[in-house]
Structures are given as C-alpha cells and as structure tokens.
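Q: My file is my_file_31.tsv. It has TSV, C-alpha atoms:
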chain	number	residue	atom	x	y	z
A	80	MET	CA	27.34	-7.12	10.73
A	81	PRO	CA	24.04	-7.70	12.51
A	82	PRO	CA	21.21	-5.62	11.07
A	83	ARG	CA	20.17	-2.56	13.04
A	84	LYS	CA	16.56	-2.67	14.01
A	85	LEU	CA	13.74	-0.19	14.06
A	86	TYR	CA	11.91	-0.25	17.37
A	87	PHE	CA	8.55	1.20	18.26
A	88	GLU	CA	9.90	3.16	21.19
A	89	ASN	CA	12.07	5.20	18.82
A	90	VAL	CA	9.33	6.12	16.36
A	91	ARG	CA	7.27	9.29	16.66
A	92	VAL	CA	4.25	10.40	14.70
A	93	GLY	CA	5.46	13.00	12.23
A	94	ASP	CA	8.90	11.45	11.79
A	95	GLU	CA	10.01	11.69	8.20
A	96	LEU	CA	11.62	8.87	6.28
A	97	PRO	CA	14.83	9.89	4.56
A	98	ALA	CA	13.87	10.79	0.99
A	99	MET	CA	15.11	8.28	-1.55
A	100	ALA	CA	16.02	9.30	-5.09
A	101	LYS	CA	15.94	6.59	-7.74
A	102	SER	CA	17.90	6.49	-10.97
A	103	PRO	CA	15.91	7.41	-14.08
A	104	ILE	CA	13.66	4.61	-15.27
A	105	ASP	CA	15.03	3.23	-18.51
A	106	ARG	CA	13.97	0.60	-20.99
A	107	VAL	CA	16.44	-1.93	-19.65
A	108	GLN	CA	14.81	-1.62	-16.26
A	109	LEU	CA	11.40	-2.06	-17.88
A	110	ALA	CA	12.64	-5.21	-19.61
A	111	ARG	CA	14.03	-6.60	-16.37
A	112	TYR	CA	10.86	-5.74	-14.50
A	113	ALA	CA	8.77	-7.41	-17.21
A	114	ALA	CA	10.84	-10.55	-16.78
A	115	ALA	CA	10.70	-10.37	-12.98
A	116	THR	CA	6.91	-9.99	-12.95
A	117	ASN	CA	6.35	-12.26	-15.95
A	118	ASP	CA	4.23	-9.51	-17.45
A	119	TYR	CA	5.13	-8.83	-21.06
A	120	ASN	CA	2.33	-6.40	-21.79
A	121	PRO	CA	3.50	-4.81	-25.09
A	122	LEU	CA	2.71	-1.33	-23.71
A	123	HIS	CA	5.67	-1.72	-21.37
A	124	VAL	CA	8.21	-3.39	-23.63
A	125	ASP	CA	7.28	-2.90	-27.28
A	126	GLU	CA	7.88	0.63	-28.54
A	127	VAL	CA	6.28	-0.06	-31.92
A	128	ALA	CA	3.13	-1.52	-30.40
A	129	ALA	CA	2.87	1.38	-27.95
A	130	ARG	CA	3.12	3.99	-30.71
A	131	ALA	CA	0.65	2.09	-32.84
A	132	ILE	CA	-2.06	2.78	-30.30
A	133	GLY	CA	-1.12	6.43	-30.00
A	134	MET	CA	1.25	6.45	-27.05
A	135	PRO	CA	4.39	8.59	-27.28
A	136	SER	CA	6.51	5.65	-26.13
A	137	VAL	CA	6.32	2.59	-23.95
A	138	VAL	CA	4.98	3.34	-20.51
A	139	SER	CA	6.29	1.93	-17.27
A	140	PRO	CA	4.08	-0.38	-15.24
A	141	ALA	CA	2.62	1.66	-12.41
A	142	THR	CA	3.67	-1.02	-9.98
A	143	LEU	CA	7.33	-0.18	-10.54
A	144	GLY	CA	6.71	3.03	-8.57
A	145	LEU	CA	5.07	0.94	-5.89
A	146	GLY	CA	8.18	-1.21	-5.78
A	147	PHE	CA	10.25	1.92	-5.19
A	148	LEU	CA	8.01	2.86	-2.29
A	149	GLY	CA	8.52	-0.65	-0.94
A	150	GLN	CA	12.24	-0.02	-1.01
A	151	LEU	CA	11.85	3.29	0.80
A	152	VAL	CA	9.86	1.60	3.55
A	153	THR	CA	11.93	-1.56	3.89
A	154	ASP	CA	15.18	0.42	4.08
A	155	TRP	CA	13.76	2.51	6.86
A	156	ALA	CA	11.90	-0.27	8.68
A	157	ARG	CA	15.00	-2.44	9.19
A	158	GLY	CA	13.37	-5.72	10.17
A	159	GLY	CA	9.85	-4.35	10.60
A	160	GLN	CA	7.30	-6.40	8.73
A	161	VAL	CA	4.90	-4.94	6.23
A	162	LYS	CA	1.39	-5.97	7.26
A	163	ARG	CA	-0.56	-3.79	4.89
A	164	ALA	CA	0.35	-1.67	1.90
A	165	SER	CA	-1.89	0.22	-0.44
A	166	ALA	CA	-1.19	2.59	-3.28
A	167	ARG	CA	-3.03	4.82	-5.66
A	168	PHE	CA	-1.46	5.65	-8.99
A	169	THR	CA	-2.11	9.21	-9.97
A	170	ARG	CA	0.04	9.72	-13.05
A	171	MET	CA	1.63	7.62	-15.78
A	172	LEU	CA	5.26	6.65	-15.37
A	173	TRP	CA	7.51	7.08	-18.39
A	174	PRO	CA	11.02	6.06	-19.35
A	175	GLN	CA	13.45	8.75	-18.11
A	176	ASP	CA	11.21	9.64	-15.21
A	177	THR	CA	13.27	10.11	-12.07
A	178	LEU	CA	11.34	9.45	-8.91
A	179	VAL	CA	11.95	10.69	-5.42
A	180	CYS	CA	10.21	8.64	-2.75
A	181	LYS	CA	9.15	10.18	0.52
A	182	GLY	CA	7.32	9.13	3.61
A	183	ARG	CA	6.17	10.16	7.04
A	184	VAL	CA	4.96	8.39	10.14
A	185	SER	CA	1.24	9.07	10.32
A	186	ASP	CA	0.31	6.93	13.27
A	187	ARG	CA	1.55	4.39	15.77
A	188	TRP	CA	-0.20	2.15	18.24
A	189	GLY	CA	0.35	-0.84	20.46
A	190	GLU	CA	-2.14	-3.32	21.83
A	191	GLY	CA	-1.74	-6.67	23.53
A	192	GLY	CA	1.99	-6.71	22.98
A	193	ARG	CA	1.80	-6.02	19.25
A	194	TYR	CA	3.14	-2.76	17.89
A	195	PHE	CA	2.31	-1.03	14.66
A	196	VAL	CA	3.59	1.98	12.77
A	197	GLU	CA	1.60	3.54	9.98
A	198	LEU	CA	3.24	5.50	7.20
A	199	ASP	CA	2.11	7.85	4.47
A	200	VAL	CA	4.35	7.34	1.47
A	201	TRP	CA	4.46	8.92	-1.95
A	202	ALA	CA	6.67	9.43	-4.98
A	203	GLU	CA	7.17	12.49	-7.13
A	204	ASN	CA	8.66	12.69	-10.59
A	205	GLN	CA	11.32	15.16	-11.77
A	206	LYS	CA	8.63	17.80	-12.31
A	207	GLY	CA	7.50	17.48	-8.74
A	208	GLU	CA	4.27	15.79	-9.79
A	209	LEU	CA	2.78	13.15	-7.56
A	210	VAL	CA	2.85	9.78	-9.34
A	211	VAL	CA	1.87	7.39	-6.58
A	212	ARG	CA	0.86	7.65	-2.99
A	213	GLY	CA	-0.01	5.09	-0.42
A	214	ASN	CA	-0.17	3.87	3.15
A	215	VAL	CA	1.84	1.17	4.81
A	216	THR	CA	1.32	-0.53	8.15
A	217	LEU	CA	4.41	-2.05	9.72
A	218	LYS	CA	4.63	-4.44	12.62
A	219	VAL	CA	7.67	-3.86	14.80
A	220	PHE	CA	9.01	-4.83	18.20
A	221	TYR	CA	8.60	-2.34	20.99
A	222	SER	CA	12.24	-2.39	21.93
A	223	PHE	CA	15.33	-4.54	21.96
A	224	GLU	CA	14.06	-6.10	25.17
A	225	ASP	CA	10.72	-6.95	23.54
A	226	GLU	CA	12.52	-8.60	20.64
A	227	THR	CA	14.77	-10.57	22.97
A	228	ARG	CA	11.72	-11.81	24.85
A	229	PHE	CA	10.20	-12.96	21.57
A	230	ARG	CA	13.36	-14.77	20.58
A	231	THR	CA	13.64	-16.53	23.90
A	232	GLY	CA	9.99	-17.57	23.93
A	233	GLN	CA	8.87	-15.20	26.68
A	234	PRO	CA	5.63	-13.24	26.59
A	235	PRO	CA	5.89	-9.86	24.85
A	236	LEU	CA	6.36	-6.55	26.55
A	237	ILE	CA	2.93	-4.98	26.87
A	238	VAL	CA	2.65	-1.23	26.52
A	239	ASN	CA	-0.70	0.00	25.33
A	240	VAL	CA	-0.36	3.00	23.06
A	241	GLN	CA	-3.43	4.58	21.53
A	242	ARG	CA	-3.52	5.57	17.93
A	243	GLN	CA	-2.33	9.14	17.71
A	244	SER	CA	-2.81	10.19	14.18
A	245	ILE	CA	-1.68	13.61	13.08
A	246	LEU	CA	-4.29	13.30	10.36
A	247	ALA	CA	-7.00	13.58	12.95
A	248	GLN	CA	-5.83	17.03	13.97
A	249	PRO	CA	-5.84	19.24	10.85
A	250	PRO	CA	-9.54	18.69	10.01
A	251	ALA	CA	-10.61	19.87	13.44
A	252	PRO	CA	-11.81	23.48	13.35
A	253	PRO	CA	-9.40	25.85	15.14
A	254	PRO	CA	-11.65	26.78	18.09
A	255	ALA	CA	-12.41	23.15	18.85
A	256	ARG	CA	-8.75	22.41	18.55
A	257	ALA	CA	-7.86	25.02	21.10
A	258	ALA	CA	-10.49	23.65	23.41
A	259	THR	CA	-9.13	20.17	23.00
A	260	ARG	CA	-5.67	21.35	23.84
A	261	GLY	CA	-6.57	23.40	26.85
A	262	LYS	CA	-8.80	20.94	28.54
A	263	VAL	CA	-9.82	17.51	27.51
A	264	SER	CA	-12.62	18.05	24.99
A	265	ALA	CA	-14.72	20.36	27.07
A	266	ALA	CA	-17.30	20.59	24.30
A	267	ARG	CA	-17.87	16.88	24.25
A	268	PRO	CA	-20.34	14.84	26.21
A	269	PRO	CA	-19.19	14.37	29.80
A	270	ALA	CA	-18.87	10.64	29.38
A	271	ARG	CA	-15.99	11.25	27.08
A	272	THR	CA	-13.97	13.68	29.11
A	273	SER	CA	-11.73	10.98	30.44
A	274	LYS	CA	-10.41	10.33	26.94
A	275	PRO	CA	-6.99	11.64	26.01
A	276	ALA	CA	-6.79	14.94	24.20
A	277	ARG	CA	-5.38	13.53	21.02
A	278	ALA	CA	-8.13	12.25	18.83
A	279	ALA	CA	-7.65	8.61	18.02
A	280	LYS	CA	-7.64	8.13	14.29
A	281	LYS	CA	-10.27	5.48	13.77
A	282	PRO	CA	-12.84	6.77	16.20
A	283	ALA	CA	-12.42	10.23	14.75
A	284	LYS	CA	-13.13	8.93	11.29
A	285	ALA	CA	-16.08	6.97	12.49
A	286	ALA	CA	-17.42	10.04	14.19
A	287	ARG	CA	-17.09	12.12	11.07
A	288	LYS	CA	-18.78	9.64	8.83
A	289	PRO	CA	-22.27	9.81	10.25
A	290	ALA	CA	-22.18	13.55	9.79
A	291	LYS	CA	-21.48	13.23	6.09
A	292	PRO	CA	-24.54	11.52	4.69
A	293	ALA	CA	-26.73	14.14	6.27
A	294	LYS	CA	-24.74	16.86	4.55
A	295	LYS	CA	-24.35	15.07	1.28
A	296	PRO	CA	-26.84	17.06	-0.75
A	297	ALA	CA	-24.90	20.19	0.10
A	298	LYS	CA	-21.83	18.62	-1.49
A	299	PRO	CA	-18.88	21.02	-0.86
A	300	ALA	CA	-16.39	19.06	1.15
A	301	LYS	CA	-14.71	21.34	3.63
A	302	LYS	CA	-17.08	23.90	5.00
A	303	PRO	CA	-20.05	21.68	5.70
A	304	ALA	CA	-17.74	19.28	7.47
A	305	LYS	CA	-16.56	22.06	9.69
A	306	ALA	CA	-20.02	23.37	10.21
A	307	SER	CA	-21.37	19.96	11.05
A	308	LYS	CA	-18.77	19.33	13.69
A	309	PRO	CA	-19.62	21.93	16.26
A	310	ALA	CA	-23.26	21.15	15.57
A	311	LYS	CA	-22.61	17.60	16.53
A	312	LYS	CA	-20.85	18.53	19.67
A	313	LYS	CA	-23.75	20.62	20.88
A	314	LYS	CA	-25.98	17.57	20.98
B	192	MET	CA	-16.46	-3.22	-22.59
B	193	LEU	CA	-16.06	-5.07	-19.35
B	194	ASP	CA	-18.03	-8.23	-18.95
B	195	ARG	CA	-20.84	-7.35	-16.55
B	196	ALA	CA	-21.34	-11.00	-15.73
B	197	ALA	CA	-17.75	-11.36	-14.59
B	198	VAL	CA	-18.37	-10.54	-10.93
B	199	GLY	CA	-17.63	-13.58	-8.82
B	200	ARG	CA	-15.63	-15.26	-11.56
B	201	THR	CA	-12.71	-17.03	-9.89
B	202	THR	CA	-9.58	-18.62	-11.25
B	203	PRO	CA	-8.59	-22.10	-10.13
B	204	PRO	CA	-5.71	-22.01	-7.61
B	205	THR	CA	-2.33	-21.64	-9.29
B	206	LEU	CA	0.74	-22.91	-7.51
B	207	ASN	CA	3.46	-20.28	-7.22
B	208	GLU	CA	6.78	-21.50	-5.91
B	209	VAL	CA	8.63	-18.56	-4.48
B	210	GLU	CA	12.15	-19.13	-5.68
B	211	ARG	CA	15.16	-17.35	-4.32
B	212	GLY	CA	16.26	-16.49	-7.83
B	213	ALA	CA	12.88	-14.96	-8.60
B	214	ILE	CA	13.13	-12.78	-5.49
B	215	ARG	CA	16.63	-11.74	-6.46
B	216	ARG	CA	15.60	-10.82	-9.99
B	217	PHE	CA	12.58	-8.91	-8.74
B	218	ALA	CA	14.69	-6.90	-6.29
B	219	GLU	CA	17.35	-6.27	-8.93
B	220	ALA	CA	14.72	-5.05	-11.39
B	221	LEU	CA	13.67	-2.49	-8.78
B	222	GLY	CA	17.28	-1.55	-8.14
B	223	ASP	CA	16.77	-2.56	-4.51
B	224	TYR	CA	19.82	-4.25	-3.04
B	225	ASN	CA	18.63	-4.69	0.54
B	226	PRO	CA	20.43	-7.82	1.82
B	227	ILE	CA	17.18	-9.28	3.19
B	228	TYR	CA	16.35	-10.14	-0.43
B	229	PHE	CA	19.71	-11.75	-1.17
B	230	ASP	CA	21.31	-13.09	1.99
B	231	ALA	CA	19.43	-15.74	3.98
B	232	GLU	CA	21.55	-15.27	7.08
B	233	TYR	CA	21.02	-11.53	7.10
B	234	ALA	CA	17.32	-12.06	6.50
B	235	ARG	CA	17.13	-14.42	9.49
B	236	ALA	CA	18.93	-11.96	11.70
B	237	SER	CA	16.34	-9.42	10.57
B	238	GLY	CA	13.50	-11.66	11.71
B	239	PHE	CA	12.53	-13.44	8.47
B	240	SER	CA	12.60	-17.21	8.20
B	241	ASN	CA	14.45	-17.06	4.89
B	242	VAL	CA	15.28	-14.58	2.14
B	243	ALA	CA	12.24	-12.26	2.14
B	244	ALA	CA	10.22	-11.15	-0.86
B	245	PRO	CA	9.80	-7.40	-1.47
B	246	PRO	CA	6.38	-6.05	-0.41
B	247	SER	CA	5.13	-5.71	-3.98
B	248	PHE	CA	6.33	-9.19	-5.00
B	249	PRO	CA	2.79	-10.64	-5.31
B	250	ILE	CA	2.52	-8.52	-8.48
B	251	SER	CA	4.48	-11.30	-10.10
B	252	PHE	CA	1.80	-13.87	-9.22
B	253	ALA	CA	-0.93	-11.84	-10.85
B	254	ALA	CA	0.44	-12.64	-14.28
B	255	GLY	CA	-1.12	-16.07	-13.78
B	256	SER	CA	-4.56	-14.55	-14.07
B	257	ASP	CA	-5.43	-13.61	-17.61
B	258	LEU	CA	-7.42	-10.42	-17.34
B	259	ARG	CA	-9.11	-10.88	-20.67
B	260	GLU	CA	-10.45	-14.21	-19.45
B	261	LEU	CA	-11.45	-12.74	-16.11
B	262	VAL	CA	-13.08	-9.45	-17.04
B	263	GLY	CA	-13.37	-9.56	-20.81
B	264	VAL	CA	-10.84	-6.81	-21.57
B	265	PRO	CA	-7.17	-7.51	-22.34
B	266	SER	CA	-4.57	-6.07	-20.01
B	267	ARG	CA	-3.25	-3.61	-22.59
B	268	ASN	CA	-6.58	-1.78	-22.35
B	269	LEU	CA	-6.58	-1.67	-18.58
B	270	LEU	CA	-4.85	0.86	-16.37
B	271	LEU	CA	-4.03	-0.10	-12.81
B	272	GLY	CA	-5.44	2.63	-10.60
B	273	GLU	CA	-5.06	1.22	-7.11
B	274	VAL	CA	-3.55	-1.78	-5.48
B	275	SER	CA	-3.34	-3.02	-1.91
B	276	PHE	CA	-1.78	-5.93	-0.10
B	277	GLU	CA	-2.39	-7.48	3.28
B	278	TYR	CA	0.03	-9.97	4.74
B	279	GLU	CA	-0.65	-12.53	7.42
B	280	ARG	CA	3.07	-13.16	7.42
B	281	PRO	CA	5.98	-12.17	5.18
B	282	ILE	CA	6.45	-14.12	1.95
B	283	VAL	CA	9.84	-15.83	1.93
B	284	ALA	CA	11.87	-17.98	-0.43
B	285	GLY	CA	10.68	-21.56	-0.42
B	286	ASP	CA	7.02	-20.67	0.05
B	287	ARG	CA	4.62	-22.62	-2.10
B	288	LEU	CA	1.54	-20.48	-2.49
B	289	LEU	CA	-1.76	-21.36	-4.05
B	290	VAL	CA	-3.08	-18.17	-5.54
B	291	THR	CA	-6.63	-17.54	-6.70
B	292	SER	CA	-8.03	-14.39	-8.29
B	293	ARG	CA	-11.64	-13.34	-8.15
B	294	VAL	CA	-13.51	-10.52	-9.84
B	295	ALA	CA	-14.90	-8.52	-6.95
B	296	GLU	CA	-16.51	-5.62	-8.75
B	297	ILE	CA	-17.41	-4.30	-12.18
B	298	SER	CA	-18.79	-0.78	-12.19
B	299	ASP	CA	-18.89	2.69	-13.71
B	300	ARG	CA	-17.38	5.67	-11.99
B	301	ALA	CA	-17.30	9.33	-12.78
B	302	GLY	CA	-13.79	10.19	-13.93
B	303	PRO	CA	-12.25	13.54	-14.90
B	304	ALA	CA	-13.01	12.79	-18.57
B	305	GLY	CA	-16.47	11.29	-18.27
B	306	ARG	CA	-17.54	7.92	-16.98
B	307	VAL	CA	-14.97	5.18	-16.72
B	308	GLU	CA	-15.41	1.47	-16.33
B	309	VAL	CA	-13.77	-0.07	-13.31
B	310	ALA	CA	-12.86	-3.68	-12.58
B	311	VAL	CA	-11.66	-4.85	-9.19
B	312	VAL	CA	-9.82	-8.15	-8.88
B	313	GLU	CA	-8.99	-9.70	-5.53
B	314	ASP	CA	-6.23	-12.26	-5.11
B	315	GLU	CA	-5.47	-14.47	-2.19
B	316	GLY	CA	-2.48	-16.66	-1.57
B	317	ARG	CA	-2.52	-19.60	0.83
B	318	ASP	CA	0.15	-22.04	1.78
B	319	GLU	CA	-0.32	-25.72	1.15
B	320	GLU	CA	-1.90	-26.21	4.58
B	321	GLY	CA	-4.56	-23.72	3.54
B	322	GLN	CA	-3.31	-20.93	5.82
B	323	MET	CA	-3.84	-17.44	4.42
B	324	VAL	CA	-0.56	-15.72	3.58
B	325	PHE	CA	-1.60	-12.63	1.65
B	326	ARG	CA	-4.55	-10.88	0.09
B	327	ALA	CA	-4.33	-8.36	-2.70
B	328	ARG	CA	-6.80	-6.06	-4.39
B	329	ARG	CA	-6.26	-4.51	-7.81
B	330	SER	CA	-8.49	-1.83	-9.30
B	331	TYR	CA	-8.33	-1.24	-13.02
B	332	VAL	CA	-9.93	1.36	-15.21
B	333	VAL	CA	-10.56	0.73	-18.88
B	334	ARG	CA	-8.38	2.89	-21.07
B	335	ALA	CA	-10.16	4.94	-23.69
B	336	THR	CA	-9.14	3.38	-27.00
B	337	ARG	CA	-8.77	5.33	-30.21
B	338	GLU	CA	-10.17	2.61	-32.41
B	339	SER	CA	-13.61	2.69	-30.79
The structure in this file should be written as structure tokens.

A:
Amino acid sequence: MPPRKLYFENVRVGDELPAMAKSPIDRVQLARYAAATNDYNPLHVDEVAARAIGMPSVVSPATLGLGFLGQLVTDWARGGQVKRASARFTRMLWPQDTLVCKGRVSDRWGEGGRYFVELDVWAENQKGELVVRGNVTLKVFYSFEDETRFRTGQPPLIVNVQRQSILAQPPAPPPARAATRGKVSAARPPARTSKPARAAKKPAKAARKPAKPAKKPAKPAKKPAKASKPAKKKK
Amino acid sequence: MLDRAAVGRTTPPTLNEVERGAIRRFAEALGDYNPIYFDAEYARASGFSNVAAPPSFPISFAAGSDLRELVGVPSRNLLLGEVSFEYERPIVAGDRLLVTSRVAEISDRAGPAGRVEVAVVEDEGRDEEGQMVFRARRSYVVRATRES
C-alpha cells in the first residue's frame, strides 16, 4: 500500500497530533536501547552500580523520551522530513514510567516553493508530569501536485505563506489584541499598516527582545513585558 | 569539576557507517515500527532514498566521543539537559558519516539547587564528500555527587 502523505495545504496552526501512549519503560527496553545507542552507562543498565551512588534504581536515558517524541512526529508527518528537532529534559525517566506523547502545530510557512510545519511536542508521565518538551520543524510538500512536480523534475509550486504562530498571540495584551483584530495594527507606525493582522512569529520575537534589556533590572517577567509593549507602540 | 580549558577541544572525525541493522535495532528499542525504518521500498515511496534513520538516531554516534576525555567528567556524572538536531538531509541506511564533536561551552548557571556546571558539546556529521548532513548540540549539567 502506498504511504499516505501529509501535505502543507492540509495543516493548520493549532492542529493537534493524535496523542500517543507508550508501553511502560522496562529494563529490557533499557538494555536494548543501550545496545542500540552503544551507550552502556552503568546508571542505565546496572542496578547495583546505580544504587551504590544513591539512586533508587537504574534511570532511563533521557533521550529515550526524545525517541518517543520522534515516533509521535514521524507517525503524524507521513513522509515529511525532520529538519530541526530540539528537546529539553525536565524530569528523570524511570523504569515503569508510562509516557504519553502529545503535540500541536505551532506554526507553518512557505517560501520559494519550500514548505515548513513547526510543532510543539511534549511527553508526560503517568502522574501527568512533564518529562520532556521540544520543537520540531518539518519540511513537507505543499500538495500532491507539488510532490508530483518534484518527482517529475518540474519547478515546485510556489505559494508564499507567512509564519502565523499562535504563540505570538497570547503574549499580546488584550486591548492591543482587539485593536489588531479590528483593524490592522492601528497602534503601530503607519509604515507597518500594510502588514497582515497576524503577528509573524520571528519578527514578533525580535520586536520583543529589544524591550527586554531595558526592563531587565525590574526582573518580573510578565507585567513589565506587557507594560513595555504599549509604551513601544506609542513611539 | 569540568575542565575549564576544554572549550574548543575537538575529537578527530570518526567514521560511522549507518547500517540497516543498526537502524532496525534502534527503532525496535524505541518500540517504533514505522515501515520507513524497516522497508526500503516503503521508505522510497515516502520520499527517502533508502531506509531512514529515526530523528534521534545521531544519539548513537555520540557514544564515539568519550565525555571524560572531552570535558573532564565521566558520563555517569553528567545529566543531559537539552539536545537539538539540525538536518541538511535525512540520514539513511548506507550513509557513511564522519562525525566530530567539539566542546562549545563550559559555564556555571544558576539552578534550582544552587549553581550548576554546564558543558555544551556540538557534533557535526558530514558525508565523505564533506557535505554537511547533520549538526547536533548536547547540553549537560554536572550531577551533584554524594562522595564530594
């Protein structure tokens, strides 16, 4: 059966990946993973050595959880290629931990006939605690037609799609948000009014950054950020 | 204690032949039975030039770099905090990759339980023509040890 493909045109920001539950991690899996990665760190495979340094048992390599997230993504992406993947490990992984992997489309964009989908992914253990979270950038074809063109050596389908991160929206203070929705960023400098209402992710980040150093001494994260924003717009 | 002088220390390139069996065993260890890791024809129909390697497969190359030699602390005293990969193209069975690891950073950071030592190691894998295939970045923190 030919594989079904994931195409850009069918992906929307906010789409959720089907949650994936893994079987409990056991010591056999740790042994197999040690062999597969050629990493025989005693902490992962030698119960006696692990207890000797005060651990309750062997501990799973953190990267096993990353591997699970890779499975979540690859199952969903169906032929999409992973261009970037990053992960932060927030909690130790133990034998008998049962992970559920989840993900959500956080952004998508297309430029020059190349199409990308960005995902937030994370895994929780049986207690609902976050054990790893990360971001993945996938490269996909725009559509079946785009893929066919590629396979027959024709130039790609070009549809320019701006980044449209949902992450860029929550930090915006409510009044500004309303303004952005109603009319295209009325509070912004006139030069910018032609820009689409949805804040592009990267530019938004870049715009926030300069505001931060100035506020740094004040420290608290949320309020100063909010306060600094309208201030910036008044300029 | 991490070796402060380690920054910039680089391993000589190590040849990693990406074998089909190694990919299969890696995927099986994850419990991931996606046919792109097992079936070359299915992988080709999915757009890969051969059986593909799972995204976290470069973890298995890292074992070539002895962390004690690189940063002065053995791996059992290091906790992996963050990792990232960047691919120029997918890694597939049959690839012959020359992998080097370099110590990018040694520093102190404020952690929840006081200051922690951090070591960042960057890996890159190139094919035999010298074309970049992947880059990886691993951040470790030094585990507090009871004996000290």

Q: At a cut-off of 6 Å, using only C-alpha atoms, what residues contact stretch 88-103 of chain A? Leave out same-chain residues fewer than 5 positions from it and give the result as number ranges by chain.

A: A: 175-186, 221

Q: Next, the residues of the selection above should be written as an mmCIF file, in the frame of the given file with C-alpha atoms.

A:
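Saved file result.cif follows:
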data_model
loop_
_atom_site.group_PDB
_atom_site.id
_atom_site.type_symbol
_atom_site.label_atom_id
_atom_site.label_comp_id
_atom_site.auth_asym_id
_atom_site.auth_seq_id
_atom_site.Cartn_x
_atom_site.Cartn_y
_atom_site.Cartn_z
ATOM 1 C CA GLN A 175 13.450 8.750 -18.110
ATOM 2 C CA ASP A 176 11.210 9.640 -15.210
ATOM 3 C CA THR A 177 13.270 10.110 -12.070
ATOM 4 C CA LEU A 178 11.340 9.450 -8.910
ATOM 5 C CA VAL A 179 11.950 10.690 -5.420
ATOM 6 C CA CYS A 180 10.210 8.640 -2.750
ATOM 7 C CA LYS A 181 9.150 10.180 0.520
ATOM 8 C CA GLY A 182 7.320 9.130 3.610
ATOM 9 C CA ARG A 183 6.170 10.160 7.040
ATOM 10 C CA VAL A 184 4.960 8.390 10.140
ATOM 11 C CA SER A 185 1.240 9.070 10.320
ATOM 12 C CA ASP A 186 0.310 6.930 13.270
ATOM 13 C CA TYR A 221 8.600 -2.340 20.990
#

Q: May I have the residues at most 12 Å from (15.9, -11.7, -4.4) in the file's coordinates, counting all atoms listed in the file, as a PDB file with C-alpha atoms, in the coordinates of the input?

A:
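Written output follows (part12.pdb):
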ATOM      1  CA  ALA A 115      10.700 -10.370 -12.980  1.00  0.00           C
TER       2      ALA A 115
ATOM      3  CA  VAL B 209       8.630 -18.560  -4.480  1.00  0.00           C
ATOM      4  CA  GLU B 210      12.150 -19.130  -5.680  1.00  0.00           C
ATOM      5  CA  ARG B 211      15.160 -17.350  -4.320  1.00  0.00           C
ATOM      6  CA  GLY B 212      16.260 -16.490  -7.830  1.00  0.00           C
ATOM      7  CA  ALA B 213      12.880 -14.960  -8.600  1.00  0.00           C
ATOM      8  CA  ILE B 214      13.130 -12.780  -5.490  1.00  0.00           C
ATOM      9  CA  ARG B 215      16.630 -11.740  -6.460  1.00  0.00           C
ATOM     10  CA  ARG B 216      15.600 -10.820  -9.990  1.00  0.00           C
ATOM     11  CA  PHE B 217      12.580  -8.910  -8.740  1.00  0.00           C
ATOM     12  CA  ALA B 218      14.690  -6.900  -6.290  1.00  0.00           C
ATOM     13  CA  GLU B 219      17.350  -6.270  -8.930  1.00  0.00           C
ATOM     14  CA  ALA B 220      14.720  -5.050 -11.390  1.00  0.00           C
ATOM     15  CA  LEU B 221      13.670  -2.490  -8.780  1.00  0.00           C
ATOM     16  CA  GLY B 222      17.280  -1.550  -8.140  1.00  0.00           C
ATOM     17  CA  ASP B 223      16.770  -2.560  -4.510  1.00  0.00           C
ATOM     18  CA  TYR B 224      19.820  -4.250  -3.040  1.00  0.00           C
ATOM     19  CA  ASN B 225      18.630  -4.690   0.540  1.00  0.00           C
ATOM     20  CA  PRO B 226      20.430  -7.820   1.820  1.00  0.00           C
ATOM     21  CA  ILE B 227      17.180  -9.280   3.190  1.00  0.00           C
ATOM     22  CA  TYR B 228      16.350 -10.140  -0.430  1.00  0.00           C
ATOM     23  CA  PHE B 229      19.710 -11.750  -1.170  1.00  0.00           C
ATOM     24  CA  ASP B 230      21.310 -13.090   1.990  1.00  0.00           C
ATOM     25  CA  ALA B 231      19.430 -15.740   3.980  1.00  0.00           C
ATOM     26  CA  ALA B 234      17.320 -12.060   6.500  1.00  0.00           C
ATOM     27  CA  ASN B 241      14.450 -17.060   4.890  1.00  0.00           C
ATOM     28  CA  VAL B 242      15.280 -14.580   2.140  1.00  0.00           C
ATOM     29  CA  ALA B 243      12.240 -12.260   2.140  1.00  0.00           C
ATOM     30  CA  ALA B 244      10.220 -11.150  -0.860  1.00  0.00           C
ATOM     31  CA  PRO B 245       9.800  -7.400  -1.470  1.00  0.00           C
ATOM     32  CA  PRO B 246       6.380  -6.050  -0.410  1.00  0.00           C
ATOM     33  CA  PHE B 248       6.330  -9.190  -5.000  1.00  0.00           C
ATOM     34  CA  ILE B 282       6.450 -14.120   1.950  1.00  0.00           C
ATOM     35  CA  VAL B 283       9.840 -15.830   1.930  1.00  0.00           C
ATOM     36  CA  ALA B 284      11.870 -17.980  -0.430  1.00  0.00           C
ATOM     37  CA  GLY B 285      10.680 -21.560  -0.420  1.00  0.00           C
TER      38      GLY B 285
END

Q: I need the contact residues of chain A against chain B, so if you could list those with any atom within 7 Å, counting only C-alpha atoms, and return them as a CSV table (one decimal) with C-alpha atoms, in the frame of the given file, that would help.

A:
chain,number,residue,atom,x,y,z
A,81,PRO,CA,24.0,-7.7,12.5
A,82,PRO,CA,21.2,-5.6,11.1
A,108,GLN,CA,14.8,-1.6,-16.3
A,111,ARG,CA,14.0,-6.6,-16.4
A,112,TYR,CA,10.9,-5.7,-14.5
A,115,ALA,CA,10.7,-10.4,-13.0
A,116,THR,CA,6.9,-10.0,-13.0
A,117,ASN,CA,6.4,-12.3,-16.0
A,118,ASP,CA,4.2,-9.5,-17.4
A,120,ASN,CA,2.3,-6.4,-21.8
A,122,LEU,CA,2.7,-1.3,-23.7
A,141,ALA,CA,2.6,1.7,-12.4
A,143,LEU,CA,7.3,-0.2,-10.5
A,145,LEU,CA,5.1,0.9,-5.9
A,146,GLY,CA,8.2,-1.2,-5.8
A,147,PHE,CA,10.2,1.9,-5.2
A,149,GLY,CA,8.5,-0.6,-0.9
A,150,GLN,CA,12.2,0.0,-1.0
A,158,GLY,CA,13.4,-5.7,10.2
A,160,GLN,CA,7.3,-6.4,8.7
A,161,VAL,CA,4.9,-4.9,6.2
A,162,LYS,CA,1.4,-6.0,7.3
A,163,ARG,CA,-0.6,-3.8,4.9
A,164,ALA,CA,0.4,-1.7,1.9
A,165,SER,CA,-1.9,0.2,-0.4
A,166,ALA,CA,-1.2,2.6,-3.3
A,167,ARG,CA,-3.0,4.8,-5.7
A,168,PHE,CA,-1.5,5.6,-9.0

Q: Could you work out how far atom CA of B:Leu258 lies from atom CA of B:Val198, giving the answer in Å with one decimal?

A: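 Between atom CA of B:Val198 and atom CA of B:Leu258 the gap is 12.7 Å.
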
Q: Quick one: everything within 7 Å of B:Leu289, counting only C-alpha atoms, minus sequence neighbours fewer than 5 positions away in the same chain. Send it as a list in words.

A: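 Result of the neighbour search: Pro204, Thr205, Leu206, Asn207, Gly316, Arg317, Asp318 and Glu319 of chain B.
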
Q: Which one of A:Gly192, A:Pro174, A:Thr142, A:Asp125 sits closest to A:Phe229 if you count all atoms listed in the file?

A: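 Ranked by minimum distance to A:Phe229, first place goes to A:Gly192.
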
Q: What is the atom CA of A:Trp173-atom CA of B:Leu193 distance in Å, reported with one decimal?

A: 26.5 Å

Q: To one decimal in Å, tell me the separation between atom CA of A:Ser244 and atom CA of A:Arg170.

A: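 These two atoms are separated by 27.4 Å.
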